[in-house]
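K.L.:
Input my_file14.txt, format and content: compact mmCIF, C-alpha atoms.
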```
# COMPACT_ATOMS: atom_id res chain seq x y z
CA MET A 1085 -38.39 51.79 -1.59
CA LYS A 1086 -40.99 49.52 -3.16
CA LYS A 1087 -38.67 48.76 -6.07
CA SER A 1088 -35.84 47.93 -3.68
CA PHE A 1089 -38.12 45.63 -1.68
CA LEU A 1090 -39.27 43.82 -4.83
CA SER A 1091 -35.69 43.43 -5.97
CA LEU A 1092 -34.73 42.03 -2.58
CA LEU A 1093 -37.70 39.65 -2.65
CA ALA A 1094 -36.81 38.48 -6.16
CA PHE A 1095 -33.21 37.88 -5.08
CA ALA A 1096 -34.38 35.93 -2.01
CA LEU A 1097 -36.68 33.76 -4.13
CA PHE A 1098 -33.88 33.14 -6.63
CA ALA A 1099 -31.51 32.14 -3.82
CA LEU A 1100 -34.14 29.82 -2.34
CA CYS A 1101 -34.69 28.19 -5.71
CA GLN A 1102 -30.94 27.67 -6.06
CA VAL A 1103 -30.78 26.01 -2.64
CA ASN A 1104 -33.72 23.77 -3.48
CA ALA A 1105 -32.18 22.90 -6.85
CA THR A 1106 -28.96 21.96 -5.11
CA GLN A 1107 -30.86 19.74 -2.69
CA VAL A 1108 -32.82 18.06 -5.48
CA ALA A 1109 -29.84 17.70 -7.80
CA ALA A 1110 -28.04 15.05 -5.80
CA ALA A 1111 -26.79 11.59 -6.67
CA GLN A 1112 -29.38 8.82 -6.56
CA VAL A 1113 -28.31 5.74 -4.59
CA ASP A 1114 -30.04 2.49 -5.59
CA THR A 1115 -29.62 -0.98 -4.14
CA VAL A 1116 -30.44 -3.68 -6.67
CA GLU A 1117 -30.11 -7.45 -6.82
CA VAL A 1118 -28.11 -8.94 -9.67
CA ASN A 1119 -28.31 -12.60 -10.55
CA SER A 1120 -25.11 -14.57 -10.94
CA ALA A 1121 -25.71 -17.54 -13.21
CA VAL A 1122 -22.27 -18.94 -12.43
CA MET A 1123 -22.96 -18.92 -8.66
CA LYS A 1124 -26.71 -19.56 -8.97
CA ARG A 1125 -27.69 -16.78 -6.57
CA ASN A 1126 -28.58 -13.11 -6.37
CA LEU A 1127 -26.16 -10.53 -4.99
CA LYS A 1128 -26.85 -6.99 -3.81
CA VAL A 1129 -25.23 -4.07 -5.60
CA VAL A 1130 -25.25 -0.36 -4.82
CA VAL A 1131 -25.48 1.88 -7.89
CA VAL A 1132 -24.83 5.61 -7.50
CA ARG A 1133 -26.28 7.66 -10.35
CA PRO A 1134 -25.18 11.28 -10.76
CA ALA A 1135 -27.62 14.16 -10.50
CA GLY A 1136 -27.37 14.71 -14.26
CA TYR A 1137 -28.33 11.13 -15.09
CA SER A 1138 -31.66 12.12 -16.68
CA SER A 1139 -29.85 14.21 -19.29
CA GLY A 1140 -29.95 11.32 -21.74
CA LYS A 1141 -26.22 11.01 -22.33
CA GLU A 1142 -24.09 7.94 -21.64
CA PHE A 1143 -21.95 7.90 -18.52
CA PRO A 1144 -18.60 6.38 -17.56
CA VAL A 1145 -18.70 3.78 -14.79
CA VAL A 1146 -16.33 3.12 -11.90
CA TYR A 1147 -16.63 -0.26 -10.17
CA LEU A 1148 -15.69 0.25 -6.52
CA LEU A 1149 -14.77 -2.91 -4.58
CA HIS A 1150 -14.92 -3.44 -0.82
CA GLY A 1151 -12.39 -5.19 1.39
CA TYR A 1152 -12.26 -8.40 3.39
CA SER A 1153 -15.35 -8.92 5.59
CA GLY A 1154 -17.10 -6.00 3.87
CA ASN A 1155 -20.17 -5.79 1.67
CA HIS A 1156 -21.89 -3.77 -1.04
CA SER A 1157 -22.98 -0.97 1.32
CA ASN A 1158 -19.54 -0.14 2.80
CA TRP A 1159 -18.59 2.66 0.45
CA VAL A 1160 -21.83 4.66 0.63
CA THR A 1161 -22.12 4.35 4.41
CA LYS A 1162 -18.47 4.84 5.37
CA ALA A 1163 -17.28 7.16 2.60
CA PRO A 1164 -20.41 9.09 1.56
CA GLY A 1165 -18.26 11.59 -0.32
CA ILE A 1166 -18.46 9.26 -3.30
CA GLN A 1167 -21.98 10.53 -3.98
CA GLN A 1168 -20.68 14.08 -4.36
CA ALA A 1169 -17.90 12.76 -6.59
CA ALA A 1170 -20.47 11.03 -8.81
CA ASP A 1171 -22.20 14.40 -9.24
CA LEU A 1172 -18.98 16.36 -9.72
CA TYR A 1173 -17.56 14.02 -12.36
CA ASN A 1174 -20.89 12.95 -13.90
CA MET A 1175 -20.10 9.27 -13.48
CA ILE A 1176 -21.91 6.15 -12.30
CA ILE A 1177 -20.33 4.34 -9.34
CA VAL A 1178 -21.12 0.65 -8.86
CA CYS A 1179 -20.38 -1.06 -5.53
CA PRO A 1180 -20.83 -4.84 -5.81
CA ASP A 1181 -20.91 -7.35 -3.00
CA GLY A 1182 -17.73 -9.36 -3.36
CA GLY A 1183 -18.45 -11.81 -0.56
CA PHE A 1184 -16.84 -11.94 2.86
CA SER A 1185 -13.49 -13.19 1.56
CA SER A 1186 -13.62 -13.90 -2.16
CA TRP A 1187 -10.50 -11.92 -3.09
CA TYR A 1188 -12.39 -11.54 -6.39
CA TRP A 1189 -11.02 -14.79 -7.79
CA ASP A 1190 -12.87 -17.58 -9.55
CA SER A 1191 -12.09 -20.03 -6.79
CA PRO A 1192 -11.00 -23.51 -7.96
CA VAL A 1193 -12.03 -24.76 -4.52
CA ASP A 1194 -15.40 -23.09 -3.84
CA PRO A 1195 -18.06 -23.03 -6.59
CA GLN A 1196 -19.95 -20.37 -4.62
CA SER A 1197 -17.01 -17.98 -4.91
CA GLN A 1198 -16.72 -17.13 -8.62
CA PHE A 1199 -16.27 -13.39 -8.36
CA GLU A 1200 -13.99 -12.81 -11.33
CA THR A 1201 -16.71 -14.00 -13.68
CA TYR A 1202 -19.43 -12.28 -11.67
CA VAL A 1203 -17.87 -8.81 -11.51
CA SER A 1204 -16.14 -8.58 -14.88
CA LYS A 1205 -18.74 -10.38 -17.00
CA GLU A 1206 -22.13 -10.80 -15.35
CA LEU A 1207 -22.24 -7.50 -13.45
CA VAL A 1208 -20.74 -5.39 -16.25
CA SER A 1209 -23.31 -6.90 -18.63
CA TYR A 1210 -26.15 -6.12 -16.22
CA VAL A 1211 -25.03 -2.53 -15.66
CA ASP A 1212 -24.59 -1.89 -19.38
CA LYS A 1213 -28.04 -3.33 -20.07
CA ASN A 1214 -29.89 -1.44 -17.34
CA TYR A 1215 -28.10 1.93 -17.14
CA LYS A 1216 -27.00 4.60 -19.59
CA THR A 1217 -23.35 3.68 -19.75
CA ILE A 1218 -20.42 4.09 -22.12
CA LYS A 1219 -20.20 0.49 -23.30
CA ASP A 1220 -16.48 0.45 -23.92
CA ARG A 1221 -13.31 -0.02 -21.88
CA LYS A 1222 -12.61 3.70 -22.35
CA GLY A 1223 -15.63 4.40 -20.17
CA ARG A 1224 -14.95 1.83 -17.44
CA GLY A 1225 -12.69 1.91 -14.40
CA ILE A 1226 -12.27 -0.33 -11.39
CA THR A 1227 -10.70 0.24 -7.99
CA GLY A 1228 -11.07 -0.88 -4.39
CA LEU A 1229 -9.57 -1.10 -0.94
CA SER A 1230 -7.47 -3.87 0.64
CA MET A 1231 -8.90 -7.16 -0.70
CA GLY A 1232 -10.72 -4.99 -3.23
CA GLY A 1233 -7.48 -3.23 -4.19
CA HIS A 1234 -6.02 -6.61 -5.06
CA GLY A 1235 -9.29 -7.50 -6.78
CA ALA A 1236 -9.43 -4.36 -8.89
CA LEU A 1237 -5.91 -4.76 -10.26
CA TYR A 1238 -6.34 -8.53 -10.66
CA LEU A 1239 -9.53 -8.13 -12.68
CA ALA A 1240 -8.19 -5.23 -14.74
CA LEU A 1241 -5.00 -7.08 -15.64
CA LYS A 1242 -6.96 -10.14 -16.73
CA HIS A 1243 -9.68 -8.17 -18.52
CA GLN A 1244 -8.00 -5.27 -20.25
CA ASP A 1245 -10.71 -5.47 -22.90
CA VAL A 1246 -13.26 -4.53 -20.19
CA TYR A 1247 -11.48 -1.81 -18.16
CA GLY A 1248 -9.41 1.12 -19.36
CA THR A 1249 -8.31 2.34 -15.96
CA ALA A 1250 -7.70 0.64 -12.62
CA GLY A 1251 -6.60 1.52 -9.13
CA SER A 1252 -5.86 0.18 -5.69
CA MET A 1253 -6.06 1.63 -2.19
CA SER A 1254 -4.08 -0.23 0.49
CA GLY A 1255 -4.27 -3.27 -1.74
CA GLY A 1256 -3.02 -6.75 -0.93
CA VAL A 1257 -1.10 -6.72 -4.18
CA ASP A 1258 1.17 -9.62 -3.19
CA ILE A 1259 -0.68 -12.36 -1.29
CA ARG A 1260 2.32 -14.67 -0.77
CA PRO A 1261 3.64 -13.08 2.45
CA PHE A 1262 0.26 -13.78 4.10
CA PRO A 1263 -0.47 -17.51 3.52
CA ASN A 1264 -2.56 -17.93 6.67
CA ASN A 1265 -4.55 -14.71 6.54
CA TRP A 1266 -8.01 -13.56 5.47
CA ASP A 1267 -9.37 -16.93 4.26
CA MET A 1268 -7.24 -16.94 1.12
CA ALA A 1269 -6.44 -20.62 1.60
CA LYS A 1270 -10.19 -21.32 1.52
CA ARG A 1271 -10.30 -19.86 -1.99
CA LEU A 1272 -7.05 -21.23 -3.47
CA GLY A 1273 -6.06 -24.12 -1.21
CA SER A 1274 -3.10 -23.75 1.11
CA TYR A 1275 0.12 -22.18 -0.16
CA ALA A 1276 2.02 -25.31 0.91
CA ASP A 1277 -0.26 -27.59 -1.14
CA GLN A 1278 -0.98 -25.28 -4.10
CA PRO A 1279 2.03 -22.97 -4.58
CA GLU A 1280 1.41 -22.62 -8.33
CA ARG A 1281 -2.09 -21.22 -7.71
CA TRP A 1282 -0.76 -18.65 -5.30
CA GLU A 1283 2.03 -17.62 -7.64
CA LYS A 1284 -0.37 -17.35 -10.58
CA ASN A 1285 -3.09 -15.40 -8.76
CA THR A 1286 -1.09 -12.65 -7.08
CA VAL A 1287 -1.02 -9.24 -8.76
CA ILE A 1288 2.73 -8.78 -8.44
CA ASN A 1289 3.29 -11.78 -10.71
CA MET A 1290 0.84 -10.63 -13.39
CA LEU A 1291 2.65 -7.56 -14.67
CA HIS A 1292 3.81 -9.45 -17.77
CA LEU A 1293 0.22 -9.13 -18.98
CA LEU A 1294 0.61 -5.35 -19.27
CA THR A 1295 1.72 -3.43 -22.29
CA PRO A 1296 2.88 0.12 -21.49
CA ASN A 1297 0.14 2.75 -21.88
CA THR A 1298 -2.71 0.28 -22.35
CA LEU A 1299 -4.12 0.41 -18.79
CA SER A 1300 -4.18 3.67 -16.85
CA LEU A 1301 -3.08 2.83 -13.28
CA ILE A 1302 -3.15 4.52 -9.87
CA ILE A 1303 -1.84 2.87 -6.69
CA ASP A 1304 -2.18 4.35 -3.20
CA CYS A 1305 -1.03 3.06 0.19
CA GLY A 1306 -0.35 4.56 3.61
CA THR A 1307 3.15 4.36 5.01
CA GLU A 1308 1.86 2.84 8.27
CA ASP A 1309 -0.15 0.16 6.46
CA PHE A 1310 0.81 -3.51 6.79
CA PHE A 1311 0.50 -3.70 2.98
CA TYR A 1312 2.89 -0.78 2.45
CA GLY A 1313 5.88 -3.01 1.69
CA VAL A 1314 4.14 -5.00 -1.04
CA ASN A 1315 2.80 -1.79 -2.61
CA GLU A 1316 6.28 -0.26 -2.64
CA ASN A 1317 7.53 -3.39 -4.37
CA LEU A 1318 4.72 -3.24 -6.94
CA HIS A 1319 5.60 0.39 -7.66
CA LYS A 1320 9.26 -0.55 -8.18
CA GLN A 1321 8.36 -3.46 -10.46
CA LEU A 1322 6.16 -1.19 -12.58
CA GLU A 1323 9.00 1.33 -12.81
CA TYR A 1324 11.43 -1.43 -13.79
CA ARG A 1325 9.08 -2.49 -16.58
CA LYS A 1326 8.59 1.16 -17.62
CA ILE A 1327 4.84 0.94 -17.11
CA PRO A 1328 3.41 4.42 -16.46
CA HIS A 1329 1.35 4.75 -13.28
CA ASP A 1330 0.49 7.18 -10.52
CA TYR A 1331 1.81 6.11 -7.12
CA ILE A 1332 0.77 7.74 -3.84
CA ALA A 1333 2.47 6.92 -0.54
CA ARG A 1334 1.57 9.17 2.37
CA PRO A 1335 1.12 8.92 6.13
CA GLY A 1336 -1.82 6.71 7.01
CA ALA A 1337 -2.91 3.27 8.14
CA HIS A 1338 -5.30 0.55 7.02
CA ASN A 1339 -8.53 2.28 7.96
CA TRP A 1340 -11.56 4.21 6.73
CA PRO A 1341 -10.19 7.71 7.37
CA TYR A 1342 -7.42 6.85 4.90
CA TRP A 1343 -9.74 5.33 2.28
CA GLU A 1344 -12.29 8.13 2.55
CA ASN A 1345 -9.53 10.46 1.39
CA ALA A 1346 -7.87 8.05 -1.04
CA VAL A 1347 -11.03 7.32 -3.02
CA GLN A 1348 -11.29 10.99 -3.99
CA HIS A 1349 -7.84 10.79 -5.61
CA GLN A 1350 -8.86 7.60 -7.41
CA LEU A 1351 -12.08 9.07 -8.81
CA LEU A 1352 -10.33 12.27 -9.93
CA PHE A 1353 -7.67 10.19 -11.69
CA MET A 1354 -10.32 8.10 -13.46
CA ASN A 1355 -12.34 11.14 -14.42
CA THR A 1356 -9.22 12.57 -16.07
CA TYR A 1357 -8.81 9.32 -17.99
CA PHE A 1358 -12.45 9.33 -19.11
CA ASN A 1359 -12.14 12.88 -20.39
CA LYS A 1360 -8.97 12.37 -22.42
CA LYS A 1361 -9.49 13.24 -26.07
```
As a first step, turn the structure in this file into structure tokens.
P.N.:
Amino acid sequence: MKKSFLSLLAFALFALCQVNATQVAAAQVDTVEVNSAVMKRNLKVVVVRPAGYSSGKEFPVVYLLHGYSGNHSNWVTKAPGIQQAADLYNMIIVCPDGGFSSWYWDSPVDPQSQFETYVSKELVSYVDKNYKTIKDRKGRGITGLSMGGHGALYLALKHQDVYGTAGSMSGGVDIRPFPNNWDMAKRLGSYADQPERWEKNTVINMLHLLTPNTLSLIIDCGTEDFFYGVNENLHKQLEYRKIPHDYIARPGAHNWPYWENAVQHQLLFMNTYFNKK
């Protein structure tokens, strides 16, 4: 009886230790301020470090962009499953503040909205300097929702030396049908006055920059989303150009329940890319 009791006690202690280990071994969420020399100001950034970060190895990084009117905290507060994904895939997730309506361009109109340079140069440099990262495009991905879906593909297409994989969730991948929406005219000038800028800075018109199999791509949009049509067109244009990509179209609208699910597909896809031999 005594032996059985001791065995039971040992098992209970082991189980308790496992529970405590699980509680301790969780992603660390930091909020830091990163200086932008080009915009002459500091911007907040959320950095999610996986539970295994102290292991001493170098980690892949996914840059996760928010949408119009959002900020750096959106992803961790509205889709907290990304912390578990960071642990599961042993990756760092970086959520920058992209401004209320930057669209992640270097605006020719507003010197305080230079988010292409900030995200793809200044922020990547900061993260590589201050965290244990794989300092190569093969260890970097970028994705985002809505304005951030446009931004992720836009930045990846222009900086294929920086990112090896890119994605979009409900992305505004063709801005031209929406000339009066979401402050885009404040960043580029009006479509009527600056048509060349709009044509040049929309993702759908940038596919000529791609060489097949150089950038690993995943695109996701709900069939009830107002951006569904432009995403369908992007998918068809990629097929026409024989550019491999994953494309997900499923029931859903332009909202957080959709993105909370979609981001898990994006992170799984990028983890697969990072682990390719």
K.L.:
Considering all atoms listed in the file, return as a PDB file with C-alpha atoms, keeping the file's coordinate frame whatever protein or nucleic-acid residues lie within 9 Å of Pro1192 of chain A, sequence-local ones (same chain, fewer than 6 positions apart) excluded.
P.N.:
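Final output, result_21.pdb:
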```
ATOM      1  CA  GLN A1198     -16.720 -17.130  -8.620  1.00  0.00           C
ATOM      2  CA  ARG A1271     -10.300 -19.860  -1.990  1.00  0.00           C
ATOM      3  CA  LEU A1272      -7.050 -21.230  -3.470  1.00  0.00           C
ATOM      4  CA  GLY A1273      -6.060 -24.120  -1.210  1.00  0.00           C
TER       5      GLY A1273
END
```
K.L.:
Determine the nearest neighbour of Phe1310 of chain A from the options A:Gln1112, A:Asn1155, A:Thr1249, A:Asn1339, counting all atoms listed in the file.
P.N.:
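Of A:Gln1112, A:Asn1155, A:Thr1249, A:Asn1339, the one nearest Phe1310 of chain A is A:Asn1339, counting all atoms listed in the file.
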K.L.:
I need the residue nearest Glu1308 of chain A from this list: A:Phe1353, A:Tyr1188, A:Tyr1147, A:Tyr1342. Use only C-alpha atoms for the distance.
P.N.:
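Between A:Phe1353, A:Tyr1188, A:Tyr1147, A:Tyr1342, the residue approaching Glu1308 of chain A most closely is A:Tyr1342.
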K.L.:
Find the residue from A:Val1122, A:Ile1302, A:Val1314, A:Leu1291 that sits nearest to Gln1348 of chain A; use only C-alpha atoms when measuring.
P.N.:
A:Ile1302
K.L.:
For a cut-off of 12 Å around (-20.9, 1.8, 2.5), file coordinates, pick out all residues using only C-alpha atoms and list them as a count of residues only.
P.N.:
31
K.L.:
Do a neighbour search on Asn1265 of chain A at 12 Å with all atoms listed in the file, toss out local chain neighbours closer than 2 positions, and write the hits as a count of residues only.
P.N.:
17
K.L.:
Can I get the residues of segment 1128-1156 of chain A within 6 Å of segment 1201-1219 of chain A, each with the closest pair of atoms and their distance in Å to one decimal, using all atoms listed in the file, sorted chain first then ascending number, as a Markdown table?
P.N.:
```
| residue | atom | partner | partner_atom | distance |
| --- | --- | --- | --- | --- |
| A:Glu1142 | CA | A:Thr1217 | CA | 4.7 |
| A:Phe1143 | CA | A:Thr1217 | CA | 4.6 |
| A:Pro1144 | CA | A:Ile1218 | CA | 5.4 |
```
K.L.:
Please write the residues from the selection above to a file, keeping C-alpha atoms, as an mmCIF file, keeping the file's coordinate frame.
P.N.:
```cif
data_model
loop_
_atom_site.group_PDB
_atom_site.id
_atom_site.type_symbol
_atom_site.label_atom_id
_atom_site.label_comp_id
_atom_site.auth_asym_id
_atom_site.auth_seq_id
_atom_site.Cartn_x
_atom_site.Cartn_y
_atom_site.Cartn_z
ATOM 1 C CA GLU A 1142 -24.090 7.940 -21.640
ATOM 2 C CA PHE A 1143 -21.950 7.900 -18.520
ATOM 3 C CA PRO A 1144 -18.600 6.380 -17.560
#
```
